[in-house]
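**Q** Data: model.cif, mmCIF, C-alpha atoms.
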```cif
data_start
#
loop_
_atom_site.label_atom_id
_atom_site.label_comp_id
_atom_site.auth_asym_id
_atom_site.auth_seq_id
_atom_site.Cartn_x
_atom_site.Cartn_y
_atom_site.Cartn_z
CA MET A 261 120.20 129.44 74.33
CA THR A 262 121.38 125.88 74.38
CA ARG A 263 123.78 124.20 76.74
CA SER A 264 125.83 121.03 76.85
CA ALA A 265 124.10 117.73 77.38
CA ARG A 266 125.62 117.06 80.80
CA PRO A 267 122.66 117.10 83.22
CA ILE A 268 122.35 119.61 86.05
CA PRO A 269 122.11 117.73 89.37
CA GLU A 270 118.76 117.69 91.12
CA ARG A 271 118.11 120.73 93.29
CA ARG A 272 119.08 119.31 96.67
CA LEU A 273 122.53 118.28 95.39
CA ARG A 274 123.59 121.75 94.21
CA PRO A 275 123.50 125.28 95.59
CA PRO A 276 120.42 127.41 94.85
CA MET A 277 120.55 129.74 91.84
CA GLY A 278 118.25 132.68 91.25
CA TRP A 279 117.55 136.40 91.19
CA ASN A 280 116.96 138.73 94.12
CA SER A 281 115.56 142.26 93.86
CA TRP A 282 117.75 143.90 96.55
CA ASP A 283 120.80 145.11 94.60
CA CYS A 284 118.74 146.81 91.91
CA TYR A 285 115.47 147.80 93.61
CA GLY A 286 116.16 147.78 97.36
CA THR A 287 112.87 148.06 99.25
CA THR A 288 110.88 149.30 96.24
CA VAL A 289 110.48 146.50 93.70
CA THR A 290 107.12 146.22 91.96
CA GLU A 291 105.12 143.32 90.58
CA GLU A 292 105.82 144.43 87.01
CA GLU A 293 109.58 144.43 87.68
CA VAL A 294 109.49 141.01 89.34
CA LEU A 295 107.64 139.53 86.37
CA ALA A 296 110.02 141.16 83.88
CA ASN A 297 112.96 139.51 85.62
CA ALA A 298 111.14 136.19 85.90
CA THR A 299 110.30 136.20 82.20
CA PHE A 300 113.88 137.00 81.26
CA MET A 301 115.11 134.21 83.51
CA ARG A 302 112.73 131.73 81.90
CA ASP A 303 113.75 132.75 78.40
CA HIS A 304 117.52 133.03 78.84
CA MET A 305 118.71 131.35 82.05
CA LEU A 306 116.42 128.55 83.23
CA ALA A 307 118.22 126.01 81.06
CA TYR A 308 121.38 126.84 83.03
CA GLY A 309 119.93 126.17 86.47
CA TRP A 310 118.67 129.68 87.30
CA ASP A 311 115.20 128.98 88.63
CA THR A 312 114.29 131.10 91.68
CA VAL A 313 112.89 134.65 91.85
CA VAL A 314 113.06 136.36 95.25
CA VAL A 315 111.24 139.55 96.30
CA ASP A 316 113.44 141.19 98.90
CA ILE A 317 112.65 143.34 101.94
CA GLN A 318 109.57 145.47 102.69
CA TRP A 319 107.21 144.18 100.02
CA TYR A 320 104.56 145.10 102.64
CA GLU A 321 105.63 148.80 102.78
CA PRO A 322 103.53 151.03 100.49
CA THR A 323 105.76 154.10 101.03
CA ALA A 324 109.13 152.31 100.63
CA ARG A 325 111.93 154.41 99.14
CA ALA A 326 115.52 154.07 97.99
CA HIS A 327 118.44 154.74 100.35
CA GLY A 328 116.92 153.79 103.68
CA TYR A 329 113.89 152.85 105.72
CA ASN A 330 110.97 154.98 106.89
CA ALA A 331 110.44 155.30 110.63
CA ASP A 332 107.12 153.85 111.79
CA ALA A 333 106.36 152.75 108.23
CA PRO A 334 102.67 152.04 107.50
CA LEU A 335 103.15 148.30 106.94
CA VAL A 336 100.28 146.41 105.37
CA LEU A 337 99.21 143.74 107.90
CA ASP A 338 96.30 141.37 108.19
CA ASP A 339 94.15 141.04 111.32
CA HIS A 340 96.74 138.71 112.87
CA GLY A 341 99.79 140.90 112.41
CA ARG A 342 101.09 139.07 109.35
CA GLN A 343 102.60 141.05 106.48
CA LEU A 344 100.65 141.43 103.23
CA PRO A 345 102.01 142.72 99.88
CA ALA A 346 101.38 146.44 99.40
CA PRO A 347 98.68 146.61 96.67
CA ASN A 348 100.05 149.86 95.21
CA ARG A 349 103.21 147.92 94.28
CA PHE A 350 101.68 144.45 93.80
CA PRO A 351 98.22 144.99 92.30
CA SER A 352 97.40 141.28 92.11
CA ALA A 353 97.59 141.13 95.93
CA ALA A 354 94.47 143.28 96.32
CA GLY A 355 91.52 141.88 98.21
CA GLY A 356 93.65 139.75 100.50
CA ALA A 357 95.03 137.58 97.70
CA GLY A 358 98.56 138.06 99.00
CA PHE A 359 101.37 136.78 96.83
CA GLY A 360 99.27 133.87 95.56
CA PRO A 361 98.58 135.36 92.09
CA LEU A 362 102.18 136.50 91.60
CA ALA A 363 103.56 133.15 92.75
CA ASP A 364 101.20 131.44 90.29
CA ARG A 365 102.55 133.57 87.45
CA VAL A 366 106.13 132.74 88.42
CA HIS A 367 105.32 129.04 88.68
CA GLN A 368 103.69 129.13 85.24
CA LEU A 369 107.06 130.27 83.90
CA GLY A 370 108.63 127.11 85.32
CA LEU A 371 110.30 129.01 88.16
CA ARG A 372 110.18 129.07 91.95
CA PHE A 373 108.94 132.01 94.02
CA GLY A 374 110.67 133.41 97.08
CA LEU A 375 110.33 136.31 99.49
CA HIS A 376 112.26 138.10 102.22
CA ILE A 377 111.06 138.42 105.82
CA MET A 378 112.47 140.06 108.92
CA ARG A 379 112.96 138.17 112.17
CA GLY A 380 110.18 138.71 114.71
CA ILE A 381 106.81 140.44 114.68
CA PRO A 382 105.84 143.92 113.41
CA ARG A 383 105.89 146.67 116.04
CA ARG A 384 102.56 147.89 114.69
CA ALA A 385 101.02 144.51 115.46
CA VAL A 386 102.36 144.73 119.00
CA ALA A 387 101.08 148.30 119.49
CA ALA A 388 97.64 147.26 118.24
CA ARG A 389 97.65 144.07 120.37
CA LEU A 390 96.55 142.05 117.35
CA PRO A 391 95.56 138.43 118.04
CA VAL A 392 97.91 135.60 117.07
CA ALA A 393 96.06 133.37 114.59
CA GLY A 394 94.58 130.24 116.14
CA THR A 395 95.40 131.24 119.73
CA GLU A 396 94.06 133.29 122.63
CA TRP A 397 97.26 135.35 122.80
CA THR A 398 97.99 138.78 121.41
CA ALA A 399 101.08 140.19 119.74
CA ASP A 400 102.13 142.24 122.77
CA GLU A 401 102.24 139.08 124.91
CA ILE A 402 104.70 137.26 122.67
CA ALA A 403 107.02 140.09 121.61
CA ASP A 404 110.50 140.62 123.03
CA THR A 405 110.62 144.41 122.88
CA GLY A 406 114.25 144.40 123.97
CA SER A 407 115.29 142.44 120.87
CA VAL A 408 115.40 144.79 117.90
CA CYS A 409 117.23 144.83 114.60
CA PRO A 410 119.94 147.51 114.60
CA TRP A 411 119.31 148.57 111.00
CA ASN A 412 115.60 148.04 110.28
CA PRO A 413 112.87 149.53 112.52
CA ASP A 414 109.89 147.41 111.54
CA ASN A 415 109.90 144.54 114.03
CA TYR A 416 110.47 143.36 117.57
CA GLY A 417 111.92 139.94 118.26
CA LEU A 418 109.85 137.14 119.75
CA ASN A 419 109.93 135.72 123.26
CA HIS A 420 110.47 132.04 122.63
CA ASP A 421 109.74 131.16 126.25
CA HIS A 422 106.11 131.91 125.31
CA PRO A 423 104.32 129.30 123.18
CA GLY A 424 102.65 132.07 121.20
CA ALA A 425 105.98 132.91 119.56
CA GLN A 426 106.05 129.58 117.74
CA ALA A 427 102.36 129.94 116.97
CA TYR A 428 103.01 133.29 115.29
CA TYR A 429 105.79 131.90 113.09
CA ASP A 430 103.61 128.87 112.31
CA SER A 431 100.77 131.10 111.16
CA GLN A 432 103.06 133.38 109.15
CA VAL A 433 104.73 130.53 107.28
CA ALA A 434 101.40 128.75 106.80
CA GLN A 435 100.19 131.85 104.98
CA PHE A 436 103.34 131.93 102.86
CA ALA A 437 102.82 128.26 102.02
CA SER A 438 99.21 128.95 101.01
CA TRP A 439 100.52 131.55 98.56
CA GLY A 440 102.89 129.01 97.00
CA VAL A 441 106.15 130.36 98.40
CA ASP A 442 109.14 128.07 97.72
CA PHE A 443 111.99 130.06 99.27
CA ILE A 444 112.22 132.32 102.32
CA LYS A 445 115.12 134.65 103.02
CA ALA A 446 114.90 135.30 106.77
CA ASP A 447 116.90 138.36 107.82
CA ASP A 448 118.49 139.60 111.07
CA MET A 449 119.06 135.97 112.08
CA LEU A 450 122.84 135.59 112.22
CA PHE A 451 124.38 138.73 113.76
CA PRO A 452 124.16 138.06 116.62
CA TYR A 453 123.36 134.39 116.18
CA HIS A 454 119.67 133.95 117.08
CA GLU A 455 119.64 130.21 117.65
CA ARG A 456 116.09 129.96 119.01
CA GLU A 457 114.66 132.17 116.26
CA ILE A 458 116.32 130.04 113.58
CA SER A 459 115.05 126.81 115.14
CA ALA A 460 111.54 128.21 115.49
CA TYR A 461 111.44 129.37 111.88
CA ALA A 462 112.65 126.01 110.59
CA LYS A 463 110.02 124.31 112.75
CA ALA A 464 107.34 126.58 111.27
CA ILE A 465 108.40 125.57 107.76
CA ALA A 466 108.17 121.91 108.75
CA HIS A 467 104.71 122.52 110.23
CA SER A 468 103.57 124.20 106.99
CA GLY A 469 103.82 120.95 105.04
CA ARG A 470 105.38 122.70 102.04
CA PRO A 471 109.03 122.06 101.05
CA ILE A 472 110.26 125.65 101.49
CA GLU A 473 113.98 126.43 101.39
CA LEU A 474 115.26 128.70 104.16
CA SER A 475 118.05 131.23 103.59
CA LEU A 476 119.53 133.09 106.59
CA SER A 477 121.13 136.55 106.66
CA PRO A 478 123.14 138.74 107.15
CA GLY A 479 126.07 136.56 108.29
CA THR A 480 128.57 139.02 109.78
CA ASP A 481 131.08 137.05 111.88
CA VAL A 482 129.11 133.80 111.63
CA SER A 483 131.25 130.93 112.93
CA VAL A 484 131.75 127.40 111.64
CA ALA A 485 131.02 126.36 115.23
CA HIS A 486 127.33 126.82 114.31
CA LEU A 487 127.60 124.41 111.37
CA ASP A 488 125.52 121.55 112.76
CA HIS A 489 122.71 123.86 113.83
CA LEU A 490 122.74 125.64 110.48
CA ARG A 491 122.62 122.37 108.58
CA ASP A 492 119.73 121.14 110.71
CA ASN A 493 117.63 124.23 110.08
CA ALA A 494 118.52 126.01 106.82
CA THR A 495 119.35 125.46 103.16
CA MET A 496 121.85 128.34 103.01
CA TRP A 497 123.36 130.98 105.26
CA ARG A 498 125.24 134.17 104.55
CA VAL A 499 128.83 134.45 105.78
CA CYS A 500 129.21 138.25 105.43
CA ASP A 501 127.42 141.56 105.56
CA ASP A 502 126.01 142.99 102.32
CA LEU A 503 128.45 142.70 99.44
CA TRP A 504 128.54 145.48 96.85
CA ASP A 505 130.34 146.20 93.60
CA ARG A 506 133.68 147.10 95.17
CA TRP A 507 136.84 145.03 94.80
CA GLU A 508 137.55 145.28 98.53
CA ASP A 509 134.24 143.52 99.22
CA VAL A 510 135.16 140.70 96.84
CA ALA A 511 138.72 140.38 98.18
CA ALA A 512 137.39 139.96 101.72
CA GLN A 513 135.45 136.86 100.62
CA PHE A 514 138.57 134.81 99.84
CA GLY A 515 139.32 134.12 103.50
CA ARG A 516 135.68 133.53 104.40
CA MET A 517 135.02 131.05 101.62
CA ALA A 518 138.31 129.23 102.28
CA ARG A 519 136.98 128.68 105.80
CA TRP A 520 133.56 127.45 104.68
CA ALA A 521 134.24 125.59 101.41
CA PRO A 522 135.27 122.26 103.01
CA TRP A 523 131.81 122.03 104.58
CA GLN A 524 129.70 122.70 101.48
CA SER A 525 127.30 119.86 100.66
CA GLU A 526 123.68 119.04 100.09
CA ARG A 527 123.31 119.39 103.90
CA GLY A 528 123.58 123.15 103.47
CA TRP A 529 125.44 125.94 101.70
CA ALA A 530 127.55 128.83 102.97
CA ASP A 531 126.47 131.85 100.95
CA ALA A 532 129.01 134.45 99.78
CA ASP A 533 126.09 136.84 99.04
CA MET A 534 124.33 138.13 95.97
CA LEU A 535 126.14 138.91 92.74
CA PRO A 536 126.29 142.72 92.35
CA LEU A 537 126.60 142.37 88.58
CA GLY A 538 124.85 143.90 85.61
CA ARG A 539 122.58 146.88 86.16
CA ILE A 540 122.21 147.65 89.86
CA GLY A 541 121.28 150.59 92.09
CA ILE A 542 118.15 151.51 90.12
CA ARG A 543 116.32 152.32 93.39
CA ALA A 544 118.62 150.60 95.84
CA GLU A 545 119.92 151.17 99.34
CA ARG A 546 123.47 151.78 98.09
CA GLY A 547 124.48 154.10 95.27
CA GLU A 548 122.71 155.33 92.17
CA ASP A 549 121.51 153.66 88.96
CA ARG A 550 124.62 152.10 87.39
CA VAL A 551 126.23 149.14 85.75
CA SER A 552 128.33 147.20 88.26
CA GLY A 553 131.46 149.05 89.29
CA LEU A 554 133.49 145.85 89.14
CA SER A 555 135.64 145.52 86.03
CA ARG A 556 134.96 142.53 83.79
CA ASP A 557 138.11 140.88 85.16
CA GLU A 558 136.92 141.46 88.72
CA GLN A 559 133.52 140.02 87.83
CA ILE A 560 135.22 136.89 86.50
CA SER A 561 137.24 136.62 89.72
CA LEU A 562 134.08 136.99 91.79
CA LEU A 563 132.23 134.32 89.83
CA THR A 564 135.25 132.02 89.87
CA LEU A 565 135.46 132.21 93.66
CA TRP A 566 131.70 131.65 94.07
CA LEU A 567 131.84 128.63 91.72
CA ILE A 568 134.95 126.95 93.14
CA SER A 569 133.67 127.45 96.70
CA ARG A 570 130.18 126.26 95.69
CA SER A 571 128.35 129.30 97.00
CA PRO A 572 124.71 129.79 96.06
CA LEU A 573 124.31 132.16 93.13
CA MET A 574 121.73 134.92 93.53
CA MET A 575 121.97 137.53 90.79
CA GLY A 576 121.43 141.07 92.08
CA GLY A 577 121.27 143.02 88.83
CA ASP A 578 118.12 143.74 86.84
CA LEU A 579 118.20 141.00 84.25
CA PRO A 580 116.36 142.60 81.29
CA THR A 581 118.54 145.73 81.36
CA SER A 582 121.89 144.16 82.26
CA PRO A 583 124.61 144.01 79.58
CA PRO A 584 124.54 140.88 77.39
CA GLU A 585 128.14 140.19 78.44
CA THR A 586 126.96 139.79 82.04
CA ILE A 587 124.31 137.25 81.06
CA GLU A 588 126.92 135.45 78.97
CA LEU A 589 129.09 134.98 82.08
CA LEU A 590 126.13 133.73 84.09
CA THR A 591 125.24 131.13 81.44
CA ASN A 592 128.71 129.71 80.75
CA ASP A 593 127.86 126.04 81.20
CA GLU A 594 131.50 124.93 81.26
CA ALA A 595 132.15 127.21 84.22
CA LEU A 596 128.86 126.30 85.90
CA ASP A 597 129.90 122.64 85.78
CA VAL A 598 132.25 123.49 88.66
CA LEU A 599 129.29 124.54 90.80
CA TRP A 600 127.19 121.57 89.79
CA HIS A 601 129.67 118.70 89.70
CA SER A 602 132.64 119.40 91.98
CA ARG A 603 133.61 118.18 95.44
CA ASP A 604 136.55 118.45 97.84
CA ASN A 605 136.75 122.14 97.00
CA ARG A 606 139.48 123.96 98.89
CA GLU A 607 142.08 126.67 98.87
CA VAL A 608 145.50 125.03 98.50
CA LEU A 609 147.83 128.04 98.47
CA ARG A 610 147.80 131.71 99.35
CA GLU A 611 151.09 133.57 99.06
CA LYS A 612 151.20 137.34 98.66
CA ASP A 613 148.82 138.07 95.78
CA LEU A 614 148.58 134.49 94.46
CA VAL A 615 145.64 132.28 95.51
CA LEU A 616 145.08 128.72 94.24
CA TRP A 617 142.04 126.48 94.67
CA THR A 618 141.39 122.92 93.56
CA ALA A 619 138.41 120.57 93.36
CA ARG A 620 137.50 117.17 91.93
CA ASP A 621 134.67 116.39 89.55
CA THR A 622 132.05 113.84 90.53
CA ASP A 623 133.02 111.81 87.43
CA GLY A 624 136.14 110.63 89.30
CA ARG A 625 138.55 111.66 86.52
CA THR A 626 138.29 115.38 86.00
CA ARG A 627 139.68 118.03 88.32
CA TYR A 628 139.36 121.79 88.52
CA ALA A 629 141.82 124.50 89.49
CA THR A 630 141.66 128.23 89.86
CA VAL A 631 144.48 130.75 89.77
CA PHE A 632 143.73 134.18 91.25
CA SER A 633 145.90 137.26 91.23
CA LEU A 634 144.85 139.78 93.86
CA ALA A 635 147.50 142.22 92.65
CA ASP A 636 146.54 145.72 91.56
CA ASP A 637 148.57 145.36 88.36
CA PRO A 638 148.72 142.68 85.64
CA ALA A 639 150.80 139.67 86.64
CA ARG A 640 152.60 136.86 84.87
CA VAL A 641 151.93 133.77 86.96
CA THR A 642 153.79 130.43 86.83
CA VAL A 643 152.21 127.57 88.77
CA PRO A 644 153.75 124.09 89.06
CA LEU A 645 151.21 121.54 87.88
CA GLY A 646 151.60 119.65 91.14
CA SER A 647 150.45 122.70 93.08
CA VAL A 648 146.98 122.32 91.58
CA GLY A 649 146.92 118.52 91.45
CA ALA A 650 147.52 118.30 87.70
CA ARG A 651 149.46 115.57 85.90
CA PRO A 652 152.10 116.18 83.21
CA ASP A 653 149.91 114.79 80.45
CA ASP A 654 146.65 116.45 81.52
CA ARG A 655 144.61 118.39 79.03
CA VAL A 656 144.05 121.88 80.49
CA ARG A 657 141.11 124.01 79.42
CA GLU A 658 140.35 127.54 80.61
CA LEU A 659 136.59 127.70 81.06
CA TRP A 660 135.82 131.41 80.79
CA THR A 661 137.54 131.69 77.43
CA ARG A 662 136.58 128.11 76.45
CA THR A 663 140.09 127.51 75.15
CA ASP A 664 142.63 124.75 75.66
CA THR A 665 145.77 125.93 77.46
CA PRO A 666 149.14 124.56 76.34
CA HIS A 667 151.66 123.64 79.04
CA ASP A 668 155.11 122.06 79.13
CA GLY A 669 154.20 119.17 81.45
CA GLN A 670 155.64 120.99 84.43
CA CYS A 671 153.97 124.37 84.87
CA LEU A 672 150.90 126.39 84.00
CA ARG A 673 151.68 129.89 82.85
CA ALA A 674 149.06 132.60 82.83
CA GLU A 675 148.96 136.29 82.06
CA LEU A 676 146.40 137.61 84.55
CA PRO A 677 145.00 141.13 84.59
CA ALA A 678 144.74 143.16 87.78
CA HIS A 679 142.39 141.32 90.17
CA GLY A 680 142.10 138.57 87.58
CA ALA A 681 141.44 134.84 87.62
CA ALA A 682 141.62 131.74 85.45
CA LEU A 683 139.36 128.73 85.90
CA TYR A 684 140.77 125.45 84.58
CA ARG A 685 139.41 122.00 83.89
CA LEU A 686 142.11 119.35 84.14
CA SER A 687 141.29 116.08 82.40
CA PRO A 688 143.16 113.02 81.16
CA SER A 689 144.43 113.58 77.66
CA ASP A 690 142.13 110.86 76.27
CA THR A 691 138.99 112.69 77.52
CA SER A 692 136.95 114.49 74.88
CA THR A 693 135.66 118.05 75.33
#
```
As a first step, turn the structure in this file into structure tokens.

**A**
Amino acid sequence: MTRSARPIPERRLRPPMGWNSWDCYGTTVTEEEVLANATFMRDHMLAYGWDTVVVDIQWYEPTARAHGYNADAPLVLDDHGRQLPAPNRFPSAAGGAGFGPLADRVHQLGLRFGLHIMRGIPRRAVAARLPVAGTEWTADEIADTGSVCPWNPDNYGLNHDHPGAQAYYDSQVAQFASWGVDFIKADDMLFPYHEREISAYAKAIAHSGRPIELSLSPGTDVSVAHLDHLRDNATMWRVCDDLWDRWEDVAAQFGRMARWAPWQSERGWADADMLPLGRIGIRAERGEDRVSGLSRDEQISLLTLWLISRSPLMMGGDLPTSPPETIELLTNDEALDVLWHSRDNREVLREKDLVLWTARDTDGRTRYATVFSLADDPARVTVPLGSVGARPDDRVRELWTRTDTPHDGQCLRAELPAHGAALYRLSPSDTST
């Protein structure tokens, strides 16, 4: 594939873009499946900014299964209570190699390697009183056994009044850094808001000496009041619980992203969650093997909202077996320009089923606008140009269809399908395509 010559901004100036194994493989992804997705990304998506491959939860669980977690799972741990990849799923990790060989393979493809980790310390490490690396303390001395995740049974929290808690995170992240990890998705951090855990994890990354990006989850009820702390400690943070391929999940994001969009910047990114697109549910927590239950029009609305609100993009579907039409949406460079080059992104109107957003391009001349219809039936929408910041002589181009849109100098008129959206570039009439 080729794309337009306009450069993608350097990484720190744009939201992260990548693939995560959760929506398609849940707790069960294998090394072969990770590499298949990484290879596809290199071949078909890297040129469009997609550059990160993330292994989600329980890569250290040899008996992991779809649709839930095993009680008292036999986690693979080292002598210091740190998780190791299960060799039956990640053969290259055998002999204590960890994720080093897999990360090397991903890096050789020109991509970045990421993994998921739960807050705290494994219960099995606490029960065995394993020593904390580089200290005289043991896991049972630093655990907060009253702090547990409500939905995953693997870990206890840490007692951050004890210096061994920081030492444990330091040793865990140091091991990740030695494997070549570039991205960590730290879970059970935001609901409730675990301020000391977040700070300690960010400090551990700083101590590691490797520039690792930190993503925080799950994000239920996370408040903008935490913005400064989030920016100081993380690259991105979820603003919702898990999002699946249901229109009601997508519709709920409009209010959340309207709240967070004004704060998006290179200082940190509010994350509207993974994209449940393409082939999902292969061995997942939710549902069976399927192609996304969102209609194509709903998928376009989802992507339009993520782009105009500058959310990170983490594809959840299995890339090699997803429909080509899905990959085509994900590699539409004209639409992706909104993610890469916009600012001052905001919702400007919400009345009944009509939602409008606007943004400005970093070139100082171009603007963007979105028109959403949340209605359950097709709708004919008329929008005054002034409502989206357009001028009477602007050239208007719809970016999903890559077509210029005629207008009468006063209004935009669009025929939108149920749950549909249009994404427009507004440029002076003397600007070339």

**Q** How close does segment 447-472 of chain A get to segment 426-429 of chain A? List, as CSV, each residue of segment 447-472 of chain A within 8 Å, its nearest atom pair and the distance in Å to one decimal, counting all atoms listed in the file.

**A**
```
residue,atom,partner,partner_atom,distance
A:Ala460,CA,A:Gln426,CA,6.1
A:Tyr461,CA,A:Tyr429,CA,6.3
A:Ala464,CA,A:Tyr429,CA,5.8
```

**Q** Within 9 Å of Gly286 of chain A, counting only C-alpha atoms, which residues qualify if same-chain residues fewer than 4 places away don't, as number ranges by chain?

**A** A: 281-282, 316-318, 324-328, 541-546

**Q** As a check of understanding, name the residues that the PyMOL selection byres ((chain A and resi 342-359) around 7) selects in the supplied structure, as a list in words.

**A**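 Evaluating the PyMOL selection byres ((chain A and resi 342-359) around 7) on this file yields Thr290, Glu291, Trp319, Tyr320, Glu321, Pro322, Val336, Leu337, Asp338, His340, Gly341, Gly360, Pro361, Leu362, Ala363, Gln432 and Trp439 of chain A.
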
**Q** For this structure, which residues satisfy the selection - the PyMOL selection byres ((chain A and resi 332) around 8) - when it is evaluated on the file as given? I want them as a PyMOL selection string.

**A** chain A and resi 330-331+333-334+413-414

**Q** Apply the PyMOL selection byres ((chain A and resi 310) around 10) to the structure shown and report the selected residues as a ChimeraX atom specification.

**A** /A:276-279,301-302,304-309,311-313,371-372,573-575,590-591

**Q** Ranking A:Glu658, A:Asp339, A:Asp578, A:Glu607 by minimum distance to Asn297 of chain A and counting all atoms listed in the file, which one comes first?

**A**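 Selected residue with least distance to Asn297 of chain A: A:Asp578.
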
**Q** Counting only C-alpha atoms, write as an NGL selection string all protein and nucleic acid residues lying at most 10 Å from (103.4, 131.5, 121.9) in the file's frame.

**A** :A and (392 or 395-399 or 401-403 or 418-430)

**Q** To one decimal place in Å, what is the distance between atom CA of Met378 of chain A and atom CA of Asp448 of chain A?

**A**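 These two atoms are separated by 6.4 Å.
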
**Q** Write out as a tab-separated table the residues of segment 271-368 of chain A that have any atom within 10 Å of an atom of segment 527-532 of chain A, one row each with the nearest atom pair and its distance in Å to one decimal, counting only C-alpha atoms, sorted by chain and then rising number.

**A**
```
residue	atom	partner	partner_atom	distance
A:Arg272	CA	A:Arg527	CA	8.4
A:Leu273	CA	A:Arg527	CA	8.6
A:Arg274	CA	A:Trp529	CA	8.8
A:Pro275	CA	A:Trp529	CA	6.4
A:Pro276	CA	A:Trp529	CA	8.6
```

**Q** Can you list, as an MDAnalysis selection string, every protein, DNA or RNA residue that comes within 9 Å of Asp653 of chain A when you count all atoms listed in the file, leaving out same-chain residues fewer than 5 positions away?

**A** chainID A and resid 669 687:689

**Q** Could you write those residues out with C-alpha atoms, as a PDB file, in the frame of the given file?

**A**
```pdb
ATOM      1  CA  GLY A 669     154.200 119.170  81.450  1.00  0.00           C
ATOM      2  CA  SER A 687     141.290 116.080  82.400  1.00  0.00           C
ATOM      3  CA  PRO A 688     143.160 113.020  81.160  1.00  0.00           C
ATOM      4  CA  SER A 689     144.430 113.580  77.660  1.00  0.00           C
TER       5      SER A 689
END
```

**Q** Which value, in Å to one decimal, gives the distance between atom CA of Val598 of chain A and atom CA of Ser561 of chain A?

**A**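 These atoms are spaced 14.1 Å apart.
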
**Q** For a cutoff of 9 Å around the file-coordinate point (136.6, 131.6, 100.8), which residues qualify once you count all atoms listed in the file? I'd like the result as a PyMOL selection string.

**A** chain A and resi 512-521+532+565-566+569+606-607

**Q** Tell me which of A:Ala296, A:Leu562, A:Ile568, A:Ala434 sits closest to Gly469 of chain A, counting all atoms listed in the file.

**A**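 Ranked by minimum distance to Gly469 of chain A, first place goes to A:Ala434.
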
**Q** Please give the centre and size of the box around segment 547-561 of chain A (axis-aligned, containing every atom listed in the file, 5 Å added per side), with values in Å to one decimal and written as lines of an AutoDock Vina configuration file.

**A**
```
center_x = 129.8
center_y = 146.0
center_z = 89.5
size_x = 26.6
size_y = 28.7
size_z = 21.5
```

**Q** From the options A:Asn415, A:Phe300, A:Ser647, A:Pro652, which residue's atoms come nearest to Gly370 of chain A, counting only C-alpha atoms?

**A**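 Result for the nearest residue to Gly370 of chain A: A:Phe300.
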
**Q** Given the choices A:Ala388, A:Met496, A:Ile377, A:Ile465, which gets closest to Ala446 of chain A if the distance is worked out from all atoms listed in the file?

**A**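 That would be A:Ile377, the residue with the smallest distance to Ala446 of chain A.
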
**Q** Using all atoms listed in the file, can you tell me which of A:Ser483, A:Thr630, A:Thr564, A:Ser407 comes closest to Val510 of chain A?

**A**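 Of all the options, A:Thr564 lies closest to Val510 of chain A.
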
**Q** Select, from A:Phe443, A:Trp411, A:Tyr416, A:Tyr329, the residue with the minimum atom-to-atom distance to Gly374 of chain A, counting all atoms listed in the file.

**A**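 Answer, going by the shortest atom-to-atom distance: A:Phe443.
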
**Q** Just the residues within 9 Å of His489 of chain A, please, counting all atoms listed in the file, with nothing from its chain fewer than 6 positions along; format it as an NGL selection string.

**A** :A and (455 or 458-459)
